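Structure file start-v8.cif (mmCIF, C-alpha atoms and all ligand atoms) is printed below.
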data_upload
#
loop_
_atom_site.label_atom_id
_atom_site.label_comp_id
_atom_site.auth_asym_id
_atom_site.auth_seq_id
_atom_site.Cartn_x
_atom_site.Cartn_y
_atom_site.Cartn_z
CA MET A 58 19.70 -13.80 -2.28
CA THR A 59 17.49 -10.78 -1.73
CA GLU A 60 14.28 -10.90 -3.67
CA LYS A 61 13.46 -8.02 -5.96
CA TYR A 62 9.97 -7.86 -7.40
CA ASP A 63 8.80 -5.87 -10.40
CA LEU A 64 5.16 -6.72 -11.04
CA HIS A 65 4.21 -4.34 -13.88
CA SER A 66 6.04 -4.16 -17.22
CA HIS A 67 5.40 -3.96 -20.96
CA SER A 68 6.97 -5.61 -23.99
CA ASN A 69 6.56 -4.85 -27.69
CA ILE A 70 3.58 -7.19 -27.68
CA SER A 71 1.68 -4.09 -26.49
CA ASP A 72 3.21 -0.62 -26.21
CA GLY A 73 6.62 -1.47 -24.81
CA VAL A 74 9.80 -1.28 -26.84
CA LEU A 75 11.69 -4.46 -25.90
CA SER A 76 10.80 -7.97 -27.02
CA PRO A 77 9.68 -10.25 -24.17
CA THR A 78 13.12 -11.91 -24.26
CA ASP A 79 15.02 -8.62 -24.06
CA LEU A 80 12.70 -7.39 -21.31
CA VAL A 81 13.42 -10.47 -19.19
CA ARG A 82 17.17 -10.12 -19.79
CA ARG A 83 17.13 -6.47 -18.83
CA ALA A 84 15.14 -7.21 -15.68
CA HIS A 85 17.73 -9.85 -14.74
CA GLU A 86 20.58 -7.37 -15.36
CA HIS A 87 18.87 -4.95 -12.99
CA GLY A 88 18.63 -7.51 -10.22
CA VAL A 89 14.95 -8.37 -10.56
CA THR A 90 14.29 -11.89 -9.24
CA SER A 91 10.52 -11.97 -9.97
CA LEU A 92 9.14 -10.16 -13.00
CA ALA A 93 5.53 -9.91 -14.14
CA LEU A 94 5.00 -9.19 -17.83
CA THR A 95 1.71 -7.26 -17.91
CA ASP A 96 1.02 -6.20 -21.48
CA HIS A 97 -2.15 -4.24 -22.25
CA ASP A 98 -5.03 -6.63 -22.94
CA THR A 99 -2.86 -9.46 -24.23
CA THR A 100 -1.01 -12.52 -22.98
CA ALA A 101 0.68 -13.17 -26.32
CA GLY A 102 4.16 -12.35 -24.98
CA LEU A 103 4.06 -14.69 -22.01
CA ALA A 104 5.32 -17.87 -23.70
CA GLU A 105 8.42 -16.13 -25.04
CA ALA A 106 9.00 -14.38 -21.69
CA LYS A 107 8.66 -17.69 -19.86
CA ALA A 108 11.24 -19.36 -22.09
CA ALA A 109 13.63 -16.43 -21.59
CA SER A 110 13.11 -16.49 -17.83
CA GLU A 111 14.01 -20.18 -17.68
CA ALA A 112 17.19 -19.49 -19.64
CA THR A 113 18.11 -16.56 -17.36
CA GLY A 114 17.06 -17.99 -14.01
CA ILE A 115 14.55 -15.31 -13.08
CA ARG A 116 11.00 -16.01 -12.07
CA LEU A 117 8.35 -14.97 -14.58
CA ILE A 118 4.88 -14.26 -13.28
CA SER A 119 2.21 -14.53 -15.95
CA GLY A 120 0.44 -11.20 -16.01
CA ILE A 121 -1.82 -8.88 -17.95
CA GLU A 122 -2.98 -5.26 -17.64
CA LEU A 123 -6.67 -5.24 -18.53
CA SER A 124 -8.40 -2.05 -19.66
CA ALA A 125 -11.62 -1.80 -17.68
CA SER A 126 -14.53 0.56 -17.31
CA TRP A 127 -16.22 1.51 -14.08
CA GLN A 128 -18.87 4.24 -13.98
CA ASN A 129 -17.65 5.75 -17.26
CA LYS A 130 -14.06 5.83 -16.05
CA THR A 131 -11.21 3.84 -17.52
CA LEU A 132 -9.20 1.83 -15.01
CA HIS A 133 -6.31 -0.58 -15.43
CA ILE A 134 -6.51 -3.90 -13.62
CA ILE A 135 -3.35 -5.98 -13.32
CA GLY A 136 -3.70 -9.75 -13.18
CA LEU A 137 -0.80 -11.61 -11.54
CA GLY A 138 -0.34 -15.37 -11.75
CA ILE A 139 -3.12 -15.82 -14.29
CA ASP A 140 -3.65 -18.88 -16.46
CA PRO A 141 -3.26 -17.50 -20.01
CA GLN A 142 -5.21 -20.46 -21.38
CA TYR A 143 -8.35 -19.81 -19.31
CA PRO A 144 -11.06 -19.69 -22.01
CA PRO A 145 -13.12 -16.73 -20.71
CA LEU A 146 -9.92 -14.68 -20.46
CA LEU A 147 -8.98 -15.63 -24.03
CA ASN A 148 -12.47 -14.58 -25.19
CA ALA A 149 -12.15 -11.30 -23.33
CA ILE A 150 -8.80 -10.62 -24.95
CA ARG A 151 -10.32 -11.22 -28.39
CA ASP A 152 -13.12 -8.77 -27.61
CA LEU A 153 -10.66 -6.18 -26.33
CA GLN A 154 -8.64 -6.53 -29.51
CA VAL A 155 -11.78 -5.65 -31.51
CA ILE A 156 -12.54 -2.71 -29.21
CA ARG A 157 -8.98 -1.47 -29.67
CA PHE A 158 -9.13 -1.81 -33.45
CA GLU A 159 -12.45 0.02 -33.69
CA ARG A 160 -11.10 2.76 -31.43
CA ALA A 161 -8.02 3.01 -33.66
CA GLU A 162 -10.24 3.57 -36.72
CA LYS A 163 -12.03 6.39 -34.87
CA ILE A 164 -8.80 7.99 -33.65
CA ALA A 165 -7.43 7.88 -37.21
CA ALA A 166 -10.62 9.50 -38.56
CA LYS A 167 -10.31 12.30 -36.00
CA LEU A 168 -6.67 12.86 -36.96
CA GLU A 169 -7.68 12.93 -40.60
CA LYS A 170 -10.09 15.76 -39.77
CA LYS A 171 -7.09 17.62 -38.37
CA ARG A 172 -5.39 17.09 -41.76
CA ILE A 173 -3.21 14.23 -40.51
CA PRO A 174 -3.86 11.33 -42.87
CA GLY A 175 -2.43 7.82 -42.88
CA ALA A 176 -2.51 7.08 -39.15
CA LEU A 177 -4.46 3.81 -39.32
CA ALA A 178 -2.16 2.18 -41.85
CA ALA A 179 0.87 3.37 -39.90
CA VAL A 180 -0.25 2.02 -36.51
CA MET A 181 -1.38 -1.26 -38.06
CA THR A 182 2.10 -1.66 -39.48
CA SER A 183 3.94 -0.65 -36.32
CA ALA A 184 1.73 -2.77 -34.06
CA GLY A 185 1.84 -5.78 -36.38
CA ASN A 186 0.04 -8.59 -34.61
CA SER A 187 0.30 -6.78 -31.30
CA MET A 188 -2.27 -4.63 -29.53
CA ILE A 189 -2.78 -1.18 -31.05
CA THR A 190 -2.42 1.42 -28.31
CA ARG A 191 -2.44 5.19 -28.19
CA THR A 192 1.33 4.96 -27.82
CA HIS A 193 1.45 3.70 -31.42
CA PHE A 194 -0.44 6.82 -32.50
CA ALA A 195 1.92 8.99 -30.44
CA ASP A 196 4.93 7.46 -32.21
CA PHE A 197 3.25 8.04 -35.58
CA LEU A 198 2.66 11.71 -34.76
CA VAL A 199 6.31 12.06 -33.74
CA SER A 200 7.50 10.32 -36.93
CA GLN A 201 5.45 12.76 -39.04
CA PHE A 202 6.85 15.78 -37.13
CA HIS A 203 3.44 16.88 -35.86
CA VAL A 204 4.89 16.79 -32.34
CA SER A 205 8.40 16.42 -30.99
CA ASN A 206 7.80 13.63 -28.46
CA GLN A 207 5.26 11.12 -27.14
CA GLN A 208 4.15 13.29 -24.24
CA GLU A 209 3.37 16.19 -26.58
CA ALA A 210 1.34 13.80 -28.76
CA PHE A 211 -0.84 12.97 -25.76
CA ASP A 212 -1.04 16.55 -24.58
CA ARG A 213 -2.03 17.95 -27.99
CA TYR A 214 -3.99 15.12 -29.62
CA LEU A 215 -4.56 11.88 -27.73
CA ALA A 216 -5.34 12.62 -24.08
CA LYS A 217 -8.88 13.03 -22.77
CA GLY A 218 -10.42 16.26 -24.03
CA LYS A 219 -7.99 16.55 -26.96
CA PRO A 220 -9.05 16.44 -30.65
CA ALA A 221 -8.23 12.77 -31.33
CA TYR A 222 -9.48 11.37 -28.03
CA VAL A 223 -12.09 8.64 -28.35
CA ALA A 224 -14.12 7.68 -25.27
CA THR A 225 -14.14 3.91 -25.07
CA VAL A 226 -16.21 1.35 -23.20
CA TRP A 227 -13.80 -1.36 -22.05
CA ALA A 228 -14.50 -4.53 -20.11
CA ASP A 229 -16.68 -3.98 -17.07
CA MET A 230 -14.40 -3.73 -14.02
CA ALA A 231 -16.13 -6.52 -12.11
CA LEU A 232 -15.88 -8.82 -15.12
CA ALA A 233 -12.20 -8.02 -15.62
CA VAL A 234 -11.50 -8.83 -11.97
CA ASP A 235 -13.48 -12.03 -12.32
CA TRP A 236 -11.56 -13.25 -15.39
CA ILE A 237 -8.33 -12.72 -13.48
CA THR A 238 -9.38 -14.40 -10.26
CA GLN A 239 -11.21 -17.27 -11.98
CA SER A 240 -8.07 -18.00 -13.96
CA GLY A 241 -6.15 -18.36 -10.69
CA GLY A 242 -4.68 -14.86 -10.60
CA VAL A 243 -4.65 -11.97 -8.16
CA ALA A 244 -6.34 -8.76 -9.34
CA VAL A 245 -4.50 -5.52 -8.53
CA LEU A 246 -5.70 -1.97 -9.17
CA ALA A 247 -2.88 -0.40 -11.20
CA HIS A 248 -1.50 3.11 -10.47
CA PRO A 249 -4.51 4.15 -8.31
CA LEU A 250 -3.60 7.82 -8.20
CA ARG A 251 -3.27 8.28 -11.95
CA TYR A 252 -7.05 8.33 -12.46
CA LYS A 253 -7.26 11.56 -10.45
CA LEU A 254 -10.39 10.38 -8.65
CA THR A 255 -11.63 12.36 -5.67
CA PRO A 256 -11.44 10.72 -2.22
CA ASN A 257 -15.23 10.27 -2.36
CA VAL A 258 -15.07 8.39 -5.64
CA MET A 259 -12.17 6.27 -4.33
CA LYS A 260 -14.41 5.47 -1.35
CA ARG A 261 -16.90 3.93 -3.77
CA LEU A 262 -14.43 2.37 -6.17
CA LEU A 263 -12.30 0.43 -3.71
CA PRO A 264 -15.16 -1.44 -2.00
CA ALA A 265 -16.63 -2.22 -5.46
CA PHE A 266 -13.24 -3.53 -6.57
CA LYS A 267 -13.02 -5.69 -3.45
CA ASP A 268 -16.59 -6.95 -3.84
CA ALA A 269 -15.68 -8.08 -7.34
CA GLY A 270 -12.75 -10.08 -5.92
CA GLY A 271 -9.91 -7.56 -6.20
CA GLN A 272 -7.14 -8.22 -3.70
CA GLY A 273 -4.35 -5.75 -4.35
CA ILE A 274 -3.45 -2.16 -5.12
CA GLU A 275 -0.22 -0.75 -6.54
CA VAL A 276 1.46 1.16 -3.74
CA ILE A 277 4.83 1.59 -5.43
CA THR A 278 5.17 2.53 -9.09
CA GLY A 279 8.20 3.51 -11.18
CA ARG A 280 7.61 7.19 -10.59
CA CYS A 281 6.10 8.05 -7.23
CA ASN A 282 7.01 10.45 -4.47
CA ALA A 283 6.72 10.02 -0.69
CA ASP A 284 3.27 11.64 -0.52
CA GLU A 285 1.92 9.39 -3.25
CA ILE A 286 3.27 6.28 -1.50
CA LYS A 287 1.64 7.44 1.72
CA LEU A 288 -1.72 7.96 0.07
CA ALA A 289 -1.69 4.64 -1.82
CA ALA A 290 -0.59 2.85 1.38
CA TYR A 291 -3.45 4.54 3.21
CA TYR A 292 -5.93 3.12 0.68
CA ALA A 293 -4.32 -0.33 1.00
CA ASN A 294 -4.69 -0.19 4.78
CA ILE A 295 -8.22 1.17 4.96
CA TYR A 296 -9.58 -1.28 2.42
CA ASP A 297 -7.38 -4.20 3.49
CA LEU A 298 -5.75 -4.62 0.09
CA ALA A 299 -2.32 -6.15 -0.45
CA GLY A 300 0.33 -3.80 -1.83
CA SER A 301 1.97 -4.31 -5.20
CA VAL A 302 5.16 -2.87 -6.63
CA GLY A 303 5.68 -2.37 -10.35
CA SER A 304 7.75 -0.03 -12.49
CA ASP A 305 5.33 0.10 -15.47
CA PHE A 306 8.49 -0.04 -17.58
CA HIS A 307 7.88 0.59 -21.30
CA SER A 308 11.18 1.69 -22.80
CA PRO A 309 14.90 1.92 -22.02
CA VAL A 310 14.84 5.44 -23.48
CA ASN A 311 12.76 6.82 -20.60
CA PRO A 312 15.35 7.80 -17.97
CA TRP A 313 12.76 8.10 -15.19
CA VAL A 314 11.65 4.48 -15.09
CA GLU A 315 13.81 1.37 -14.93
CA LEU A 316 13.02 -2.29 -14.34
CA GLY A 317 13.41 -3.10 -10.66
CA ARG A 318 14.14 0.50 -9.71
CA LEU A 319 11.45 0.77 -7.07
CA GLN A 320 11.11 2.16 -3.60
CA PRO A 321 10.43 -0.41 -0.85
CA LEU A 322 6.88 -1.32 0.07
CA PRO A 323 6.08 0.30 3.45
CA GLU A 324 6.54 -2.32 6.16
CA HIS A 325 2.98 -2.24 7.46
CA ILE A 326 1.61 -3.19 4.01
CA LYS A 327 0.95 -6.84 3.20
CA PRO A 328 2.95 -7.69 0.06
CA VAL A 329 0.87 -8.97 -2.83
CA TRP A 330 3.39 -11.74 -3.55
CA GLU A 331 2.32 -13.47 -0.32
CA LEU A 332 -0.95 -14.15 -2.16
CA PHE A 333 0.55 -16.02 -5.04
CA GLY A 334 3.20 -17.92 -3.08
P1 LIG B 1 -4.32 3.08 -24.27
O1 LIG B 1 -4.08 2.59 -25.69
O2 LIG B 1 -5.41 4.07 -24.16
O3 LIG B 1 -4.48 1.90 -23.33
O4 LIG B 1 -3.03 3.84 -23.82
C1 LIG B 1 -1.80 3.23 -23.97
C2 LIG B 1 -0.71 3.88 -23.16
O5 LIG B 1 -0.56 5.24 -23.44
C3 LIG B 1 -0.86 3.86 -21.67
O6 LIG B 1 -0.65 2.59 -21.12
C4 LIG B 1 0.29 4.76 -21.30
O7 LIG B 1 1.50 4.06 -21.48
C5 LIG B 1 0.17 5.82 -22.37
N1 LIG B 1 -0.59 7.02 -21.93
C6 LIG B 1 -1.91 7.11 -21.69
N2 LIG B 1 -2.27 8.36 -21.35
C7 LIG B 1 -1.13 9.09 -21.39
C8 LIG B 1 -0.84 10.48 -21.15
N3 LIG B 1 -1.80 11.36 -20.81
N4 LIG B 1 0.45 10.86 -21.28
C9 LIG B 1 1.40 9.99 -21.65
N5 LIG B 1 1.18 8.69 -21.88
C10 LIG B 1 -0.06 8.23 -21.75
MN MN B 2 1.25 1.52 -21.80
MN MN B 3 -1.75 1.45 -17.00
MN MN B 4 1.17 -0.40 -17.65
#

Transcribe the structure of this file into structure tokens.
Ligand code: AMP
Ligand code: MN
Ligand code: MN
Ligand code: MN
Amino acid sequence: MTEKYDLHSHSNISDGVLSPTDLVRRAHEHGVTSLALTDHDTTAGLAEAKAASEATGIRLISGIELSASWQNKTLHIIGLGIDPQYPPLLNAIRDLQVIRFERAEKIAAKLEKKRIPGALAAVMTSAGNSMITRTHFADFLVSQFHVSNQQEAFDRYLAKGKPAYVATVWADMALAVDWITQSGGVAVLAHPLRYKLTPNVMKRLLPAFKDAGGQGIEVITGRCNADEIKLAAYYANIYDLAGSVGSDFHSPVNPWVELGRLQPLPEHIKPVWELFG
């Protein structure tokens, strides 16, 4: 059987739409043989996903997407093959949950100033016990007819530089990488081109990421063109990082991204799955 990896996906335990069980089933239906569930700053969906993967016969890789800060920039670090019970990682997740809640209070206050009340209560309800993300705020703004879709919510309110944006200090990048590697996982820099860093900044970031113990970089994402693959592969080569492939699937409603619908990793790139066996 040909292997199909998808090493970046979200369930409704963070800002995805499907339950961990439905996510695993959908991945299986789309021919994925190894799926990593990588919810934002939480591992709370992994037990359910694991049970579903055993029932379906697909391999579940325990993952997380940690929000990290490096030189005042927010980065996302994927952990693959982590031990969700590793105590420092559990502590970090608790801290990140507090950071996210406090940020949510500030975002809601900013929306209130724009005469949009009720956001905090709404996102607390929609997130339930899950992580509150900006996606929850985007859905709230859509539901109240302030915008017509999620993207417009980011573009008008939630993205950097917009009225409800709150600058946040996340986990230090080196610490985030350390929690992942010390728990037995492989740390991968997620969607490296989405941060819009200049080549000079990338030249500083990637060695710092490697020094911290980072081993991989996403070369293939759910939406990337040939030039983007070339550039990410170039960074993988120059800095001797393994290449990862992940759709960053959030929702079946988004027609652009599907589980397992990924371009092949360029042949000269070392696949990240060789690192976790
Ligand atoms: P956050 O709560 O800040 O971690 O953001 C949660 C999610 O919002 C991200 O993982 C993306 O799925 C989505 N997101 C962030 N920025 C944007 C943007 N500018 N446009 C659309 N979606 C975004
Ligand atoms: Mn997300
Ligand atoms: Mn991300
Ligand atoms: Mn993601």

For range 144-154 of chain A, list every protein, DNA or RNA residue within 10 Å, evaluated using only C-alpha atoms, and leave out those in the same chain fewer than 5 positions away; present the list as a PDB file with C-alpha atoms, keeping the file's coordinate frame.
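Saved as around22.pdb:
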ATOM      1  CA  HIS A  97      -2.150  -4.240 -22.250  1.00  0.00           C
ATOM      2  CA  ASP A  98      -5.030  -6.630 -22.940  1.00  0.00           C
ATOM      3  CA  THR A  99      -2.860  -9.460 -24.230  1.00  0.00           C
ATOM      4  CA  THR A 100      -1.010 -12.520 -22.980  1.00  0.00           C
ATOM      5  CA  ALA A 101       0.680 -13.170 -26.320  1.00  0.00           C
ATOM      6  CA  LEU A 123      -6.670  -5.240 -18.530  1.00  0.00           C
ATOM      7  CA  SER A 124      -8.400  -2.050 -19.660  1.00  0.00           C
ATOM      8  CA  ALA A 125     -11.620  -1.800 -17.680  1.00  0.00           C
ATOM      9  CA  ILE A 139      -3.120 -15.820 -14.290  1.00  0.00           C
ATOM     10  CA  GLU A 159     -12.450   0.020 -33.690  1.00  0.00           C
ATOM     11  CA  ARG A 160     -11.100   2.760 -31.430  1.00  0.00           C
ATOM     12  CA  SER A 187       0.300  -6.780 -31.300  1.00  0.00           C
ATOM     13  CA  MET A 188      -2.270  -4.630 -29.530  1.00  0.00           C
ATOM     14  CA  ILE A 189      -2.780  -1.180 -31.050  1.00  0.00           C
ATOM     15  CA  VAL A 226     -16.210   1.350 -23.200  1.00  0.00           C
ATOM     16  CA  TRP A 227     -13.800  -1.360 -22.050  1.00  0.00           C
ATOM     17  CA  ALA A 228     -14.500  -4.530 -20.110  1.00  0.00           C
ATOM     18  CA  LEU A 232     -15.880  -8.820 -15.120  1.00  0.00           C
ATOM     19  CA  ALA A 233     -12.200  -8.020 -15.620  1.00  0.00           C
ATOM     20  CA  ASP A 235     -13.480 -12.030 -12.320  1.00  0.00           C
ATOM     21  CA  TRP A 236     -11.560 -13.250 -15.390  1.00  0.00           C
ATOM     22  CA  ILE A 237      -8.330 -12.720 -13.480  1.00  0.00           C
ATOM     23  CA  GLN A 239     -11.210 -17.270 -11.980  1.00  0.00           C
ATOM     24  CA  SER A 240      -8.070 -18.000 -13.960  1.00  0.00           C
TER      25      SER A 240
END

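Residues of protein or nucleic acid lying within 7 Å of ligand MN 4 (chain B), counting only C-alpha atoms and all ligand atoms, are His65, Ser66, His67, Thr95, Asp96, His97, Glu122 and Asp305 of chain A.
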
Rows by chain and residue number, chain A within 7 Å of ligand MN 3 (chain B), shortest pair, only C-alpha atoms and all ligand atoms, as CSV:
residue,atom,partner,partner_atom,distance
A:Glu122,CA,B:MN3,MN,6.9
A:His133,CA,B:MN3,MN,5.2
A:Ala247,CA,B:MN3,MN,6.2
A:His248,CA,B:MN3,MN,6.7

Practice task
For ligand LIG 1 (chain B), collect every residue having any atom at a distance of at most 8 Å from a ligand atom (counting only C-alpha atoms and all ligand atoms); output as a list in words.
Solution key: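 Listing the residues within 8 Å of ligand LIG 1 (chain B) gives Asp72, His97, Ser124, Arg157, Ile189, Thr190, Arg191, Thr192, Gln207, Gln208, Phe211, Asp212, Leu215, Ala216, Lys217 and His307 of chain A.
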
### Task
Name the residues in contact with range 170-180 of chain A at a cut-off of 8 Å, using all atoms listed in the file, excluding same-chain residues fewer than 6 positions from it; report them as a VMD selection string.
chain A and resid 161 to 162 189 193 to 194 197

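When all atoms listed in the file are used to measure the gap to Ser68 in chain A, the shortest distance among A:Glu331, A:Ala93, A:Pro256, A:Glu285 belongs to A:Ala93.
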
In terms of only C-alpha atoms and all ligand atoms, the residue from A:Ser308, A:Gly88, A:Ser126, A:Gly270 at minimal distance from ligand MN 2 (chain B) is A:Ser308

Across A:Arg261, A:Pro312, A:Pro323, A:Phe306, the smallest distance to Ala283 in chain A, with only C-alpha atoms counted, is shown by A:Pro323

Counting all atoms listed in the file, closest pick from A:Lys107, A:His203, A:Lys130, A:His85 relative to Lys253 in chain A is A:Lys130

Kindly add all heavy atoms to the incomplete range 244-254 of chain A and provide the output as a compact mmCIF listing (two decimals), in the coordinates of the input.
# COMPACT_ATOMS: atom_id res chain seq x y z
N ALA A 244 -6.02 -10.01 -8.65
CA ALA A 244 -6.34 -8.76 -9.34
C ALA A 244 -5.85 -7.56 -8.51
O ALA A 244 -6.14 -7.47 -7.31
CB ALA A 244 -7.85 -8.65 -9.59
N VAL A 245 -5.12 -6.68 -9.19
CA VAL A 245 -4.50 -5.52 -8.53
C VAL A 245 -4.93 -4.26 -9.27
O VAL A 245 -4.83 -4.19 -10.50
CB VAL A 245 -2.95 -5.66 -8.61
CG1 VAL A 245 -2.26 -4.40 -8.10
CG2 VAL A 245 -2.46 -6.89 -7.85
N LEU A 246 -5.38 -3.25 -8.54
CA LEU A 246 -5.70 -1.97 -9.17
C LEU A 246 -4.38 -1.25 -9.48
O LEU A 246 -3.61 -0.93 -8.57
CB LEU A 246 -6.57 -1.12 -8.23
CG LEU A 246 -6.98 0.25 -8.80
CD1 LEU A 246 -7.93 0.09 -9.99
CD2 LEU A 246 -7.63 1.10 -7.71
N ALA A 247 -4.15 -1.03 -10.79
CA ALA A 247 -2.88 -0.40 -11.20
C ALA A 247 -2.90 1.10 -10.91
O ALA A 247 -3.97 1.73 -10.92
CB ALA A 247 -2.65 -0.63 -12.70
N HIS A 248 -1.73 1.65 -10.65
CA HIS A 248 -1.50 3.11 -10.47
C HIS A 248 -2.76 3.86 -10.02
O HIS A 248 -3.32 4.66 -10.78
CB HIS A 248 -0.91 3.74 -11.73
CG HIS A 248 -1.48 3.24 -13.04
ND1 HIS A 248 -2.77 3.45 -13.42
CD2 HIS A 248 -0.93 2.53 -14.05
CE1 HIS A 248 -3.00 2.91 -14.61
NE2 HIS A 248 -1.89 2.33 -15.01
N PRO A 249 -3.21 3.62 -8.77
CA PRO A 249 -4.51 4.15 -8.31
C PRO A 249 -4.62 5.66 -8.32
O PRO A 249 -5.74 6.19 -8.39
CB PRO A 249 -4.63 3.60 -6.88
CG PRO A 249 -3.23 3.31 -6.46
CD PRO A 249 -2.52 2.87 -7.70
N LEU A 250 -3.51 6.36 -8.28
CA LEU A 250 -3.60 7.82 -8.20
C LEU A 250 -3.64 8.47 -9.57
O LEU A 250 -3.96 9.65 -9.70
CB LEU A 250 -2.43 8.39 -7.39
CG LEU A 250 -2.24 7.76 -6.00
CD1 LEU A 250 -1.11 8.44 -5.25
CD2 LEU A 250 -3.54 7.80 -5.19
N ARG A 251 -3.34 7.69 -10.61
CA ARG A 251 -3.27 8.28 -11.95
C ARG A 251 -4.65 8.62 -12.52
O ARG A 251 -4.77 9.38 -13.48
CB ARG A 251 -2.54 7.35 -12.90
CG ARG A 251 -1.83 8.15 -13.99
CD ARG A 251 -1.20 7.30 -15.05
NE ARG A 251 -0.13 6.46 -14.55
CZ ARG A 251 0.38 5.44 -15.25
NH1 ARG A 251 -0.11 5.15 -16.44
NH2 ARG A 251 1.34 4.71 -14.76
N TYR A 252 -5.70 8.06 -11.93
CA TYR A 252 -7.05 8.33 -12.46
C TYR A 252 -7.58 9.67 -11.98
O TYR A 252 -8.63 10.12 -12.42
CB TYR A 252 -8.01 7.21 -12.05
CG TYR A 252 -7.42 5.82 -12.28
CD1 TYR A 252 -7.18 4.96 -11.21
CD2 TYR A 252 -7.09 5.40 -13.56
CE1 TYR A 252 -6.63 3.70 -11.42
CE2 TYR A 252 -6.54 4.14 -13.77
CZ TYR A 252 -6.30 3.30 -12.69
OH TYR A 252 -5.74 2.07 -12.88
N LYS A 253 -6.87 10.26 -11.00
CA LYS A 253 -7.26 11.56 -10.45
C LYS A 253 -8.71 11.54 -9.93
O LYS A 253 -9.49 12.45 -10.19
CB LYS A 253 -7.10 12.68 -11.49
CG LYS A 253 -5.74 12.70 -12.18
CD LYS A 253 -5.00 13.99 -11.89
CE LYS A 253 -3.64 14.09 -12.56
NZ LYS A 253 -2.64 13.14 -12.06
N LEU A 254 -9.06 10.48 -9.22
CA LEU A 254 -10.39 10.38 -8.65
C LEU A 254 -10.41 11.08 -7.29
O LEU A 254 -9.41 11.07 -6.57
CB LEU A 254 -10.78 8.90 -8.48
CG LEU A 254 -10.75 8.07 -9.77
CD1 LEU A 254 -11.07 6.60 -9.49
CD2 LEU A 254 -11.72 8.63 -10.80
